[in-house]
Amino acid sequence: MDVTRRSFAALALAAGLAPIGSALSGCAGGTRAESGSAGAVAAPAGALRAGVRADVVGFGYLNEETGKYYGLEIDIVNELAERMGEDSVAFITVTPDDRKEMLLEGDIDLICACYSIADTRLENFDFSPAYYTDHIIAVVQNSSMITTIDDMRGRTFGTMAGANAAPLLNTKLKEIGFSKGTDEILGGDDLDVQFDTWHLLQFPSYQELSDALEEGVVDAMVLDGAIAKTYMDDKRTYIEDFEVAEQSFGIATQKGSELSKPVATAMQDMLDDGTIAALVDKWD
């Protein structure tokens with residue numbers, strides 16, 4: 001069955017984002033995948049423990065009824081593990097708030113979870129070559145009548161806590177002269193920050209961020225374009241001619257770990273032989 005992000009999202013939305021039924025069984029990458037329940041860190045002995053998202057349609061989405069994960073990153077990890085000679089894979093749900101600590105503390109072996117390659121992260125982790133390039137964008141409700149970034153002066157931006165959208169937004173708004181911003185790095189504890197020309201609110205999940213936009217708690221939500229697709233409808237649009245940053249997703253491993261080189265090599269091979277391009281096309 002050829003399942004694209006659009007068709008999968010339609011099925012999920014039709015079910016009210018309830019667990020997807022057996023019509024999608026088998027799309028998690030084959031019988032090699034061992035899927036853990038959301039938030040669990042237990043895994044079969046010897047399994048490659050992959051930290052993945054459970055809430056991003058087309059990248060990492062968990063059907064809680066079957067315990068199966070689906071998406072581009074699930075397929076990538078399965079293919080990667082096979083090329084590395086791993087016997088089994090345990091998929092473990094991570095969030096932007098906990099994925100860094102889970103990898104640092106050894107609860108997982110790698111992160112493949114819309115995790116962008118950034119200088120600050122390279123201080124702690126090794127990354128594979130990039131498998132996907134994305135852009136951080138701003139989404140607004142059509143009813144807000146916001147069409148340009150200048151319309152956001154004095155208004156509230158919302159981001160996901162633990163993601164890098166907030167610090168990148170701060171940098172971008174300083175670069176274009178929208179704001180004086182701050183020289184401090186915005187972290188997960190900076191949930192409510194008032195700047196000179198804008199207000200920042202951060203939320204613990206993308207669903208809560210999306211709800212905040214719908215309810216008018218925030219005037220724009222800033223997030224990866226790949227993730228934004230899950231929450232778009234005919235009542236929403238992107239702010240035109242405004243891109244916060246371009247970023248590339250890679251697989252993170254502990255710095256200097258025995259996995260780093262095999263993961264990087266296998267990923268480069270998958271890029272070279274067209275496997276990544278084919279998987280991206282499958283889920284786009």
# chains A, B, ... in the order shown; residues from 1 in each chain; ligands from 1

$ select_by_dssp --residues "range 42-186 of chain A" --states "strand (DSSP E or B)" --output "PDB file with C-alpha atoms, in the first residue's frame"
ATOM      1  CA  LEU A  48      18.898  -1.134  18.686  1.00  0.00           C
ATOM      2  CA  ARG A  49      16.963   1.446  20.712  1.00  0.00           C
ATOM      3  CA  ALA A  50      15.827   4.253  18.435  1.00  0.00           C
ATOM      4  CA  GLY A  51      14.278   7.412  19.833  1.00  0.00           C
ATOM      5  CA  VAL A  52      11.523   8.518  17.454  1.00  0.00           C
ATOM      6  CA  ASP A  55       3.049  12.542  16.901  1.00  0.00           C
ATOM      7  CA  VAL A  56       4.473  13.736  13.575  1.00  0.00           C
ATOM      8  CA  GLY A  60       7.083   9.237  13.254  1.00  0.00           C
ATOM      9  CA  TYR A  61       3.520   8.400  14.250  1.00  0.00           C
ATOM     10  CA  LEU A  62       2.426   5.781  16.792  1.00  0.00           C
ATOM     11  CA  ASN A  63      -0.740   3.743  16.404  1.00  0.00           C
ATOM     12  CA  LYS A  68       3.257   0.165  15.536  1.00  0.00           C
ATOM     13  CA  TYR A  69       5.103   3.274  14.388  1.00  0.00           C
ATOM     14  CA  TYR A  70       4.839   4.649  10.842  1.00  0.00           C
ATOM     15  CA  VAL A  89      14.931  -2.451  16.555  1.00  0.00           C
ATOM     16  CA  ALA A  90      13.029  -1.063  19.548  1.00  0.00           C
ATOM     17  CA  PHE A  91      11.271   2.199  18.782  1.00  0.00           C
ATOM     18  CA  ILE A  92      10.967   4.427  21.854  1.00  0.00           C
ATOM     19  CA  THR A  93       8.928   7.631  21.875  1.00  0.00           C
ATOM     20  CA  LEU A 110      20.169   7.084  18.689  1.00  0.00           C
ATOM     21  CA  ILE A 111      17.722   9.850  17.904  1.00  0.00           C
ATOM     22  CA  SER A 116      18.134  19.102  13.287  1.00  0.00           C
ATOM     23  CA  PHE A 125      26.420  14.399  19.868  1.00  0.00           C
ATOM     24  CA  ASP A 126      27.669  12.962  16.603  1.00  0.00           C
ATOM     25  CA  PHE A 127      25.320  13.277  13.626  1.00  0.00           C
ATOM     26  CA  TYR A 132      15.962  15.689   5.103  1.00  0.00           C
ATOM     27  CA  THR A 133      16.123  19.471   4.693  1.00  0.00           C
ATOM     28  CA  ASP A 134      13.318  21.533   6.169  1.00  0.00           C
ATOM     29  CA  HIS A 135      12.438  25.150   6.983  1.00  0.00           C
ATOM     30  CA  ILE A 136      11.104  26.713  10.174  1.00  0.00           C
ATOM     31  CA  ILE A 137       8.012  28.744   9.316  1.00  0.00           C
ATOM     32  CA  ALA A 138       5.250  30.772  10.999  1.00  0.00           C
ATOM     33  CA  VAL A 139       1.612  29.651  10.731  1.00  0.00           C
ATOM     34  CA  VAL A 140      -1.387  31.919  11.383  1.00  0.00           C
ATOM     35  CA  GLN A 141      -5.163  31.662  11.306  1.00  0.00           C
ATOM     36  CA  THR A 156       2.522  36.644  20.468  1.00  0.00           C
ATOM     37  CA  PHE A 157       4.551  33.876  18.846  1.00  0.00           C
ATOM     38  CA  GLY A 158       4.189  30.313  20.077  1.00  0.00           C
ATOM     39  CA  THR A 159       6.797  27.558  19.854  1.00  0.00           C
ATOM     40  CA  MET A 160       7.338  24.038  21.160  1.00  0.00           C
TER      41      MET A 160
END

$ residues_around --residues "Ile76 in chain A" --least-positions-apart "5" --cutoff "10 Å" --atoms "only C-alpha atoms" --output "list in words"
Gly29, Phe59, Gly71, Ala81, Glu82, Cys112, Tyr131, Ile251, Met267, Met270, Thr275, Ile276, Leu279 and Val280 of chain A

$ closest_residue --among "A:Thr182, A:Asn124, A:Thr197, A:Ser88" --to "Asp151 in chain A" --atoms "only C-alpha atoms"
A:Thr197

$ atom_distance --atom1 "CA of Asp75 in chain A" --atom2 "CA of Ala165 in chain A"
25.8 Å

$ closest_residue --among "A:Gln254, A:Gln247, A:Gln268, A:Asn164" --to "Ile117 in chain A" --atoms "only C-alpha atoms"
A:Gln247

$ closest_residue --among "A:Gly58, A:Gly216, A:Gly106, A:Gly162" --to "Lys282 in chain A" --atoms "only C-alpha atoms"
A:Gly58
